[in-house]
Structure formats: structure tokens, C-alpha cells
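Reproduced below: start20.txt, with compact mmCIF, C-alpha atoms and all ligand atoms.
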```
# COMPACT_ATOMS: atom_id res chain seq x y z
CA MET A 1 -12.10 -8.89 -19.48
CA THR A 2 -9.58 -6.34 -20.73
CA LEU A 3 -9.12 -2.83 -19.36
CA ARG A 4 -10.58 -1.49 -22.61
CA GLU A 5 -13.75 -3.52 -22.12
CA ALA A 6 -14.01 -2.45 -18.49
CA ALA A 7 -13.62 1.21 -19.44
CA LYS A 8 -16.46 0.88 -21.92
CA ILE A 9 -18.79 -0.81 -19.42
CA ILE A 10 -18.44 1.94 -16.82
CA GLU A 11 -18.15 4.75 -19.38
CA ALA A 12 -14.75 5.67 -18.01
CA GLU A 13 -12.41 8.34 -19.27
CA VAL A 14 -8.84 7.10 -19.59
CA LEU A 15 -6.42 9.64 -18.08
CA VAL A 16 -3.16 7.69 -18.32
CA GLY A 17 -2.10 4.58 -20.24
CA GLU A 18 -4.26 4.72 -23.36
CA ASP A 19 -1.70 2.36 -24.94
CA LYS A 20 -2.02 -0.27 -22.19
CA LEU A 21 -5.73 -1.03 -22.40
CA ASP A 22 -5.38 -4.50 -23.90
CA GLN A 23 -4.19 -5.97 -20.61
CA GLU A 24 -6.34 -8.73 -19.19
CA ILE A 25 -7.83 -8.02 -15.75
CA GLY A 26 -7.13 -10.62 -13.06
CA SER A 27 -9.48 -9.33 -10.42
CA ILE A 28 -11.17 -6.13 -9.32
CA CYS A 29 -11.26 -4.65 -5.85
CA GLY A 30 -13.43 -1.76 -4.66
CA SER A 31 -12.39 0.03 -1.47
CA ASP A 32 -11.52 3.38 0.08
CA MET A 33 -9.39 1.83 2.82
CA MET A 34 -5.85 1.15 1.66
CA SER A 35 -5.03 -1.46 4.33
CA GLU A 36 -8.00 -3.45 3.16
CA VAL A 37 -6.69 -3.31 -0.40
CA LEU A 38 -3.23 -4.30 0.82
CA ALA A 39 -4.65 -7.29 2.66
CA PHE A 40 -6.92 -8.77 0.04
CA THR A 41 -5.68 -7.89 -3.43
CA LYS A 42 -4.52 -10.60 -5.81
CA ASP A 43 -2.52 -10.46 -9.04
CA GLN A 44 -3.15 -8.32 -12.12
CA SER A 45 -5.63 -6.36 -10.08
CA VAL A 46 -7.61 -3.24 -10.70
CA LEU A 47 -8.63 -0.95 -7.85
CA LEU A 48 -11.83 1.07 -7.87
CA THR A 49 -11.70 3.78 -5.25
CA GLY A 50 -13.27 7.00 -4.06
CA LEU A 51 -10.04 7.94 -2.34
CA CYS A 52 -7.98 10.35 -4.37
CA ASN A 53 -4.57 11.01 -2.83
CA THR A 54 -0.95 9.96 -3.33
CA GLN A 55 -1.39 6.96 -1.01
CA VAL A 56 -3.59 5.31 -3.63
CA LEU A 57 -0.63 5.51 -6.01
CA ARG A 58 1.73 4.17 -3.34
CA THR A 59 -0.60 1.28 -2.61
CA ALA A 60 -0.80 0.53 -6.32
CA ASP A 61 3.00 0.59 -6.44
CA MET A 62 3.37 -1.86 -3.52
CA LEU A 63 0.90 -4.30 -5.09
CA ASP A 64 1.85 -3.80 -8.75
CA LEU A 65 -1.77 -3.02 -9.58
CA ILE A 66 -2.32 -2.63 -13.31
CA CYS A 67 -5.01 0.03 -13.17
CA LEU A 68 -6.69 2.56 -10.88
CA ILE A 69 -10.26 3.67 -11.46
CA PHE A 70 -11.50 6.73 -9.60
CA ILE A 71 -15.24 6.87 -9.07
CA ARG A 72 -17.64 9.83 -9.16
CA ASP A 73 -15.52 11.73 -11.64
CA LYS A 74 -12.70 12.23 -9.17
CA LYS A 75 -9.64 13.60 -10.94
CA PRO A 76 -6.15 12.94 -9.62
CA THR A 77 -3.72 15.86 -9.49
CA PRO A 78 -1.18 16.23 -12.33
CA GLU A 79 1.46 15.08 -9.84
CA MET A 80 -0.46 11.86 -9.17
CA LEU A 81 -0.96 11.25 -12.89
CA GLU A 82 2.75 11.70 -13.43
CA MET A 83 3.48 9.10 -10.74
CA ALA A 84 1.13 6.65 -12.47
CA GLU A 85 2.71 7.35 -15.84
CA ASP A 86 6.21 6.75 -14.46
CA ASP A 87 5.07 3.46 -12.95
CA GLY A 88 3.39 2.34 -16.18
CA ARG A 89 -0.08 2.18 -14.69
CA VAL A 90 -3.44 2.88 -16.29
CA VAL A 91 -5.65 5.52 -14.64
CA MET A 92 -9.33 6.08 -15.40
CA THR A 93 -12.19 8.02 -13.97
CA THR A 94 -15.88 7.11 -14.14
CA HIS A 95 -18.95 9.18 -13.38
CA PHE A 96 -20.59 6.21 -11.65
CA GLY A 97 -20.48 5.72 -7.87
CA MET A 98 -18.87 2.72 -6.20
CA PHE A 99 -21.99 0.54 -6.07
CA SER A 100 -22.95 1.06 -9.69
CA ALA A 101 -19.44 0.81 -11.09
CA CYS A 102 -18.72 -2.44 -9.21
CA GLY A 103 -22.17 -3.80 -10.04
CA LYS A 104 -21.77 -3.20 -13.74
CA LEU A 105 -18.33 -4.81 -13.87
CA TYR A 106 -19.42 -7.76 -11.75
CA ALA A 107 -22.49 -8.33 -13.89
CA ALA A 108 -20.25 -8.28 -16.96
CA GLY A 109 -18.22 -11.13 -15.53
CA ALA A 110 -15.23 -9.48 -13.84
CA GLY A 111 -13.68 -11.44 -10.98
CA ALA A 112 -13.79 -10.10 -7.43
CA GLY A 113 -10.42 -9.06 -6.02
CA CYS A 114 -11.31 -8.37 -2.41
CA MET A 115 -12.68 -11.01 -0.04
CA MET B 1 27.20 -10.31 9.04
CA GLU B 2 28.92 -10.90 5.74
CA ASP B 3 27.37 -9.87 2.42
CA ALA B 4 24.87 -7.63 4.18
CA ILE B 5 23.45 -4.60 2.46
CA VAL B 6 22.21 -2.03 4.94
CA LEU B 7 19.83 0.78 3.97
CA LYS B 8 18.87 3.60 6.33
CA TYR B 9 16.05 6.11 5.92
CA GLN B 10 14.40 8.90 7.87
CA VAL B 11 10.60 8.99 8.04
CA ILE B 12 9.48 12.58 8.44
CA ASP B 13 6.82 13.54 10.97
CA GLY B 14 3.56 14.90 9.62
CA GLU B 15 4.40 14.29 5.96
CA PHE B 16 1.41 12.13 5.05
CA GLN B 17 1.83 12.88 1.35
CA ARG B 18 5.30 11.39 1.41
CA ALA B 19 4.49 8.33 3.54
CA GLY B 20 5.48 5.28 1.54
CA GLU B 21 8.47 6.82 -0.22
CA VAL B 22 10.83 4.66 1.80
CA SER B 23 8.88 1.47 1.08
CA SER B 24 8.75 2.35 -2.59
CA ASP B 25 12.51 2.87 -2.72
CA VAL B 26 13.22 -0.38 -0.88
CA LYS B 27 10.81 -2.26 -3.13
CA HIS B 28 12.57 -1.06 -6.26
CA LYS B 29 16.02 -1.78 -4.82
CA LEU B 30 14.99 -5.35 -3.96
CA LYS B 31 13.67 -5.82 -7.48
CA GLN B 32 16.96 -4.59 -8.91
CA LEU B 33 18.82 -7.04 -6.67
CA GLY B 34 16.82 -9.85 -8.24
CA VAL B 35 14.87 -10.77 -5.10
CA PRO B 36 11.90 -13.02 -6.07
CA ALA B 37 8.65 -11.14 -6.75
CA ASP B 38 6.62 -12.83 -4.00
CA ILE B 39 9.25 -11.85 -1.40
CA VAL B 40 9.40 -8.28 -2.70
CA ARG B 41 5.62 -8.05 -2.43
CA LYS B 42 5.59 -9.24 1.19
CA VAL B 43 8.34 -6.83 2.21
CA ALA B 44 6.66 -3.96 0.37
CA ILE B 45 3.26 -4.51 1.99
CA ALA B 46 4.66 -4.99 5.51
CA MET B 47 7.02 -2.02 5.29
CA TYR B 48 4.46 0.31 3.77
CA GLU B 49 1.92 -0.44 6.52
CA GLY B 50 4.62 0.15 9.12
CA GLU B 51 5.82 3.34 7.47
CA VAL B 52 2.29 4.77 7.29
CA ASN B 53 1.79 3.92 10.98
CA MET B 54 4.98 5.84 11.82
CA VAL B 55 3.52 8.91 10.15
CA ILE B 56 -0.11 8.72 11.32
CA HIS B 57 0.33 7.30 14.84
CA ALA B 58 3.90 8.18 15.82
CA ASN B 59 6.07 11.18 15.00
CA GLY B 60 8.20 9.71 12.28
CA GLY B 61 11.49 7.98 12.94
CA GLU B 62 14.00 5.78 11.22
CA ILE B 63 13.79 2.70 9.04
CA THR B 64 16.72 0.32 8.66
CA VAL B 65 16.71 -2.52 6.15
CA GLU B 66 19.31 -5.28 6.25
CA ILE B 67 19.50 -7.56 3.26
CA THR B 68 21.49 -10.79 3.37
CA PRO B 69 21.32 -13.87 1.15
CA GLU B 70 19.17 -15.50 3.86
CA GLN B 71 16.71 -12.80 4.85
CA ILE B 72 15.46 -9.25 4.77
CA ARG B 73 15.17 -7.57 8.14
CA MET B 74 13.25 -4.32 8.58
CA ILE B 75 13.61 -2.24 11.71
CA LEU B 76 11.07 0.56 12.07
CA ALA B 77 11.89 2.77 15.02
CA ASP B 78 9.64 5.73 15.83
CA VAL B 79 9.62 8.38 18.52
CA GLY B 80 5.84 8.35 18.98
CA PRO B 81 3.57 7.79 21.97
CA GLY B 82 4.09 4.02 22.16
CA ILE B 83 1.35 1.37 22.06
CA PRO B 84 -0.51 0.92 25.39
CA ASP B 85 -1.92 -2.53 24.62
CA VAL B 86 -0.03 -4.40 21.90
CA GLU B 87 -2.34 -7.41 21.94
CA LYS B 88 -5.34 -5.19 21.32
CA ALA B 89 -3.51 -3.22 18.61
CA MET B 90 -2.73 -6.48 16.81
CA GLN B 91 -6.42 -7.36 16.50
CA ALA B 92 -7.87 -6.89 13.03
CA GLY B 93 -10.27 -3.95 13.06
CA TYR B 94 -8.82 -2.24 16.14
CA SER B 95 -7.85 1.35 15.39
CA THR B 96 -7.48 4.62 17.26
CA ALA B 97 -7.23 6.58 14.00
CA SER B 98 -9.16 9.84 13.80
CA ASP B 99 -11.89 10.57 11.27
CA ALA B 100 -9.41 12.82 9.49
CA THR B 101 -7.04 9.88 9.08
CA ARG B 102 -9.87 7.62 7.97
CA ASN B 103 -10.75 10.14 5.26
CA LEU B 104 -7.19 9.73 3.99
CA GLY B 105 -7.75 6.00 3.50
CA PHE B 106 -6.22 4.62 6.69
CA GLY B 107 -7.64 3.47 10.01
CA ALA B 108 -9.27 0.14 9.16
CA GLY B 109 -7.23 -1.52 11.88
CA MET B 110 -5.64 -3.84 9.36
CA GLY B 111 -2.05 -2.61 9.23
CA LEU B 112 -0.43 -4.54 12.07
CA PRO B 113 -2.24 -7.81 11.20
CA ASN B 114 -1.13 -7.30 7.56
CA MET B 115 2.45 -6.83 8.70
CA LYS B 116 2.34 -10.03 10.72
CA LYS B 117 0.73 -11.98 7.88
CA ASN B 118 3.38 -10.93 5.37
CA THR B 119 6.47 -11.61 7.49
CA ASP B 120 8.11 -14.67 9.01
CA SER B 121 8.65 -12.93 12.32
CA MET B 122 7.53 -9.66 13.85
CA ASP B 123 8.60 -8.23 17.18
CA ILE B 124 7.15 -5.10 18.78
CA GLU B 125 9.08 -3.23 21.44
CA THR B 126 7.21 -0.26 22.80
CA LYS B 127 7.47 2.19 25.67
CA LEU B 128 4.76 4.71 26.47
CA GLY B 129 5.89 8.26 25.84
CA GLU B 130 9.11 7.12 24.18
CA GLY B 131 8.33 5.22 21.04
CA THR B 132 7.94 1.92 19.29
CA THR B 133 10.40 -0.29 17.43
CA ILE B 134 9.02 -2.97 15.18
CA THR B 135 11.41 -5.57 13.78
CA MET B 136 10.20 -7.76 10.95
CA VAL B 137 11.99 -10.54 9.08
CA VAL B 138 11.13 -12.06 5.73
CA ARG B 139 13.23 -15.11 4.88
CA LEU B 140 14.42 -15.62 1.34
N1 LIG A 201 3.95 3.08 15.52
C1 LIG A 201 2.86 3.21 16.31
N2 LIG A 201 2.89 4.06 17.37
C2 LIG A 201 1.82 4.18 18.17
N3 LIG A 201 0.66 3.51 18.00
C3 LIG A 201 0.58 2.66 16.96
C4 LIG A 201 1.66 2.46 16.07
N4 LIG A 201 1.29 1.54 15.15
C5 LIG A 201 0.04 1.20 15.46
N5 LIG A 201 -0.41 1.85 16.54
C6 LIG A 201 -1.71 1.69 17.23
O1 LIG A 201 -2.25 0.43 16.89
C7 LIG A 201 -3.51 0.58 16.22
C8 LIG A 201 -3.67 -0.48 15.16
O2 LIG A 201 -2.71 -0.27 14.11
P1 LIG A 201 -3.02 -0.80 12.66
O3 LIG A 201 -1.93 -0.40 11.76
O4 LIG A 201 -3.34 -2.25 12.75
O5 LIG A 201 -4.37 -0.04 12.26
P2 LIG A 201 -4.57 1.48 11.83
O6 LIG A 201 -3.27 2.09 11.49
O7 LIG A 201 -5.37 2.17 12.87
O8 LIG A 201 -5.45 1.32 10.52
P3 LIG A 201 -4.92 0.76 9.09
O9 LIG A 201 -3.57 0.22 9.29
O10 LIG A 201 -5.91 -0.27 8.69
O11 LIG A 201 -4.94 1.92 8.17
C9 LIG A 201 -3.52 2.00 15.70
O12 LIG A 201 -4.81 2.52 15.51
C10 LIG A 201 -2.74 2.73 16.81
O13 LIG A 201 -3.57 2.98 17.92
MG MG A 202 -1.93 1.13 10.18
```

Would you mind writing the file's structure down as C-alpha cells?
Amino acid sequence: MTLREAAKIIEAEVLVGEDKLDQEIGSICGSDMMSEVLAFTKDQSVLLTGLCNTQVLRTADMLDLICLIFIRDKKPTPEMLEMAEDDGRVVMTTHFGMFSACGKLYAAGAGAGCM
Amino acid sequence: MEDAIVLKYQVIDGEFQRAGEVSSDVKHKLKQLGVPADIVRKVAIAMYEGEVNMVIHANGGEITVEITPEQIRMILADVGPGIPDVEKAMQAGYSTASDATRNLGFGAGMGLPNMKKNTDSMDIETKLGEGTTITMVVRL
């Protein structure tokens, strides 16, 4: 599954990285706890999260995540978007909650990234 | 120690927003030095967990990184309250983090176990009321 396909499935708005949507997704992880993400994330991963602060960006940086998806229409601050842009990451936001967003992606065949 | 590169950083107390800046800088420096990606990843994860702990549990402190052709050594020294029971703190899921901290995405009780998992050695020296120094080594 590519990021473009994932965005379509969860009706996500792409906030940063419109030009990087053809990347293939390795695995997807859904969590609000950053240490959990740091412990269980694999390569080429996408993180779905309800947490919306700079530590999400830092975590993404440490793990070289390819994309961050904020749930429930959460919008990162311009400062956070700038960080993502500088790091070459894709950022999206979806109106779905965690359960629905993960469920839709899982049902569409995306691999699980956490546990 | 010949050929050693030594980096020193201050971790500022109470600056949650900025927690991770040191780890990010070290990560990018290691990449520039041509350190293999899997090693960079381990160092980044371990140091970031440690750096966040220094901000949320201690009162900031100092991070020293020594890079040699053989290994990367990280020394995280804080001036916080110390850890009363290290064995307990090392258990996955054990956390004294407040709800406020949990709302910021930390407090799963996974940090110290993550640090151990990603390093070849980890030593914790702690004194109640004085602080904690964690030394981690990742071999190249
Ligand atoms: N530098 C430190 N100074 C004082 N106490 C610490 C320090 N680091 C860890 N601790 C104590 O050890 C506990 C476990 O730490 P650990 O990093 O494993 O989990 P956490 O920080 O609570 O949650 P997480 O790392 O999953 O976000 C902490 O809750 C805290 O009580
Ligand atoms: Mg921690």
C-alpha cells in the first residue's frame, strides 16, 4: 500500500509532503505513547496518533518514520509542520478516530507495525 | 583514548518541548560520520528515551557522547531526585509519571527497558536527592 492509497482509505488531508505520496508503506503503528512506538516500530513505518506535540516529530525523527497521521482532525502547529517538512516527512490528518482509522487500513491489507 | 570525538550538551529543566533536541543532533552527527544506520537507530532510541527521562523525571542535566572507532558511549547525568528502586524502575510498565506527563505521550514505563534493549551495556548510578547517571555503550 502506498501513502496515497492509505490517505484515500481514511479520507485524510495531506498537510505536508504531497510530492512524497508514492512511497510504499512497510508497516503501520497506532499509539499515543511514544515509548511504545519507539519499542515496537519497524522500517518504513507510518504512525497513527492522537498525540499532537513536538515529541511526535522527535519520535518520528529517531525512527525515520515516513509519515505521521493525526486522528480526529488534529492539526499540528505551523512549527511542527515546518519540522516535518525539513525532515522530509509526510503529515496527514484524518477525521476518523483511532479505532476506525486503524480498522480501515488493516482491512485494506496494511501490515501492523506495533506488536 | 585516541581518535575520540567528544560531544557535550546541556539538557534544560522543564523544557518538555525541547526534549529530544540533543538526541536529534547526535543522530544527525552520527549519520554524517557514516555510522551504520542500525547503530544510529539504536543510539537515537536509547538516548532519546534517556533525554526525555531527564526532563520529565529529573531536573535536566548534561549529556556526554564519546565516539571512537570501536563504540559510542553516552553518559546522561541529571541532578534529579534519584531512583529509589532501580530494579523496579527497569521493569516494563513501571512508571511514576503523572497524568499530565501521560497526556504528553510519556509514562508507559517502557523507556528504561528500551534503553537496555538498544544498547550493549547500560549502567545506572543513582543517589537519592542528588541525581542519576546512566552510562550506555553501543559497540560498532
Ligand atoms: N533520570 C531519572 N531520574 C529519576 N527517576 C527516573 C529517571 N529515569 C527513570 N526514572 C524512574 O523510573 C521509572 C521508569 O522509567 P521509564 O523511562 O522506564 O518509564 P517512564 O519514563 O515512566 O515512561 P516512558 O519511558 O514509557 O514514557 C519512571 O517512571 C521514574 O519513576
Ligand atoms: Mg521514560

*Select, from B:Gly60, B:Gly50, B:Pro84, B:Gly131, the residue with the minimum atom-to-atom distance to ligand MG 202 (chain A), counting all atoms listed in the file.*
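Under the stated criterion, the closest residue is B:Gly50.
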
*Can you check which residues of chain B have any atom within 7 Å of chain A? Use all atoms listed in the file and format it as a PyMOL selection string.*
chain B and resi 17+20+24+41+44-45+105-106+108+110-111+114

Which residues are near ligand MG 202 (chain A) in this structure, taking near to mean any atom at most 10 Å from a ligand atom and counting only C-alpha atoms and all ligand atoms? Format them as an mmCIF file with C-alpha atoms, keeping the file's coordinate frame.
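Produced file out.cif, reproduced below:
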```cif
data_model
loop_
_atom_site.group_PDB
_atom_site.id
_atom_site.type_symbol
_atom_site.label_atom_id
_atom_site.label_comp_id
_atom_site.auth_asym_id
_atom_site.auth_seq_id
_atom_site.Cartn_x
_atom_site.Cartn_y
_atom_site.Cartn_z
ATOM 1 C CA MET A 34 -5.850 1.150 1.660
ATOM 2 C CA SER A 35 -5.030 -1.460 4.330
ATOM 3 C CA TYR B 48 4.460 0.310 3.770
ATOM 4 C CA GLU B 49 1.920 -0.440 6.520
ATOM 5 C CA GLY B 50 4.620 0.150 9.120
ATOM 6 C CA GLU B 51 5.820 3.340 7.470
ATOM 7 C CA VAL B 52 2.290 4.770 7.290
ATOM 8 C CA ASN B 53 1.790 3.920 10.980
ATOM 9 C CA MET B 54 4.980 5.840 11.820
ATOM 10 C CA VAL B 55 3.520 8.910 10.150
ATOM 11 C CA ILE B 56 -0.110 8.720 11.320
ATOM 12 C CA HIS B 57 0.330 7.300 14.840
ATOM 13 C CA ALA B 89 -3.510 -3.220 18.610
ATOM 14 C CA TYR B 94 -8.820 -2.240 16.140
ATOM 15 C CA SER B 95 -7.850 1.350 15.390
ATOM 16 C CA THR B 96 -7.480 4.620 17.260
ATOM 17 C CA ALA B 97 -7.230 6.580 14.000
ATOM 18 C CA PHE B 106 -6.220 4.620 6.690
ATOM 19 C CA GLY B 107 -7.640 3.470 10.010
ATOM 20 C CA ALA B 108 -9.270 0.140 9.160
ATOM 21 C CA GLY B 109 -7.230 -1.520 11.880
ATOM 22 C CA MET B 110 -5.640 -3.840 9.360
ATOM 23 C CA GLY B 111 -2.050 -2.610 9.230
ATOM 24 C CA LEU B 112 -0.430 -4.540 12.070
ATOM 25 C CA PRO B 113 -2.240 -7.810 11.200
ATOM 26 C CA ASN B 114 -1.130 -7.300 7.560
ATOM 27 C CA MET B 115 2.450 -6.830 8.700
#
```

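For the residues B:Gln10, B:Thr64, B:Thr101, B:Gln71, ranking by smallest atom-to-atom distance to Thr119 in chain B using only C-alpha atoms places B:Gln71 first.
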
Counting only C-alpha atoms, write as a PDB file with C-alpha atoms, in the frame of the given file all protein and nucleic acid residues lying at most 12 Å from (6.6, 3.9, 18.8) in the file's frame.
```pdb
ATOM      1  CA  GLY B  50       4.620   0.150   9.120  1.00  0.00           C
ATOM      2  CA  GLU B  51       5.820   3.340   7.470  1.00  0.00           C
ATOM      3  CA  ASN B  53       1.790   3.920  10.980  1.00  0.00           C
ATOM      4  CA  MET B  54       4.980   5.840  11.820  1.00  0.00           C
ATOM      5  CA  VAL B  55       3.520   8.910  10.150  1.00  0.00           C
ATOM      6  CA  ILE B  56      -0.110   8.720  11.320  1.00  0.00           C
ATOM      7  CA  HIS B  57       0.330   7.300  14.840  1.00  0.00           C
ATOM      8  CA  ALA B  58       3.900   8.180  15.820  1.00  0.00           C
ATOM      9  CA  ASN B  59       6.070  11.180  15.000  1.00  0.00           C
ATOM     10  CA  GLY B  60       8.200   9.710  12.280  1.00  0.00           C
ATOM     11  CA  GLY B  61      11.490   7.980  12.940  1.00  0.00           C
ATOM     12  CA  GLU B  62      14.000   5.780  11.220  1.00  0.00           C
ATOM     13  CA  ILE B  75      13.610  -2.240  11.710  1.00  0.00           C
ATOM     14  CA  LEU B  76      11.070   0.560  12.070  1.00  0.00           C
ATOM     15  CA  ALA B  77      11.890   2.770  15.020  1.00  0.00           C
ATOM     16  CA  ASP B  78       9.640   5.730  15.830  1.00  0.00           C
ATOM     17  CA  VAL B  79       9.620   8.380  18.520  1.00  0.00           C
ATOM     18  CA  GLY B  80       5.840   8.350  18.980  1.00  0.00           C
ATOM     19  CA  PRO B  81       3.570   7.790  21.970  1.00  0.00           C
ATOM     20  CA  GLY B  82       4.090   4.020  22.160  1.00  0.00           C
ATOM     21  CA  ILE B  83       1.350   1.370  22.060  1.00  0.00           C
ATOM     22  CA  PRO B  84      -0.510   0.920  25.390  1.00  0.00           C
ATOM     23  CA  VAL B  86      -0.030  -4.400  21.900  1.00  0.00           C
ATOM     24  CA  ILE B 124       7.150  -5.100  18.780  1.00  0.00           C
ATOM     25  CA  GLU B 125       9.080  -3.230  21.440  1.00  0.00           C
ATOM     26  CA  THR B 126       7.210  -0.260  22.800  1.00  0.00           C
ATOM     27  CA  LYS B 127       7.470   2.190  25.670  1.00  0.00           C
ATOM     28  CA  LEU B 128       4.760   4.710  26.470  1.00  0.00           C
ATOM     29  CA  GLY B 129       5.890   8.260  25.840  1.00  0.00           C
ATOM     30  CA  GLU B 130       9.110   7.120  24.180  1.00  0.00           C
ATOM     31  CA  GLY B 131       8.330   5.220  21.040  1.00  0.00           C
ATOM     32  CA  THR B 132       7.940   1.920  19.290  1.00  0.00           C
ATOM     33  CA  THR B 133      10.400  -0.290  17.430  1.00  0.00           C
ATOM     34  CA  ILE B 134       9.020  -2.970  15.180  1.00  0.00           C
ATOM     35  CA  THR B 135      11.410  -5.570  13.780  1.00  0.00           C
TER      36      THR B 135
END
```

_Separation of CA of Ile63 in chain B from CA of Asp86 in chain A in Å_ =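 Between these atoms lies a distance of 25.0 Å.
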
_Point-to-point distance from CA of Gly93 in chain B to CA of Val138 in chain B, Å rounded to tenths_ = 24.0 Å

*Write out as a list in words each polymer residue whose atoms come within 6 Å of Met136 in chain B, counting all atoms listed in the file; drop sequence neighbours fewer than 4 positions from it.*
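Neighbouring residues, sequence-local ones excluded: Arg73, Met74, Ser121 and Met122 of chain B.
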
*Pick from B:Val137, B:Ile72, B:Val26, B:Met47 nearest to ligand LIG 201 (chain A), counting all atoms listed in the file*: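 Ranking B:Val137, B:Ile72, B:Val26, B:Met47 by distance to ligand LIG 201 (chain A), first place goes to B:Met47.
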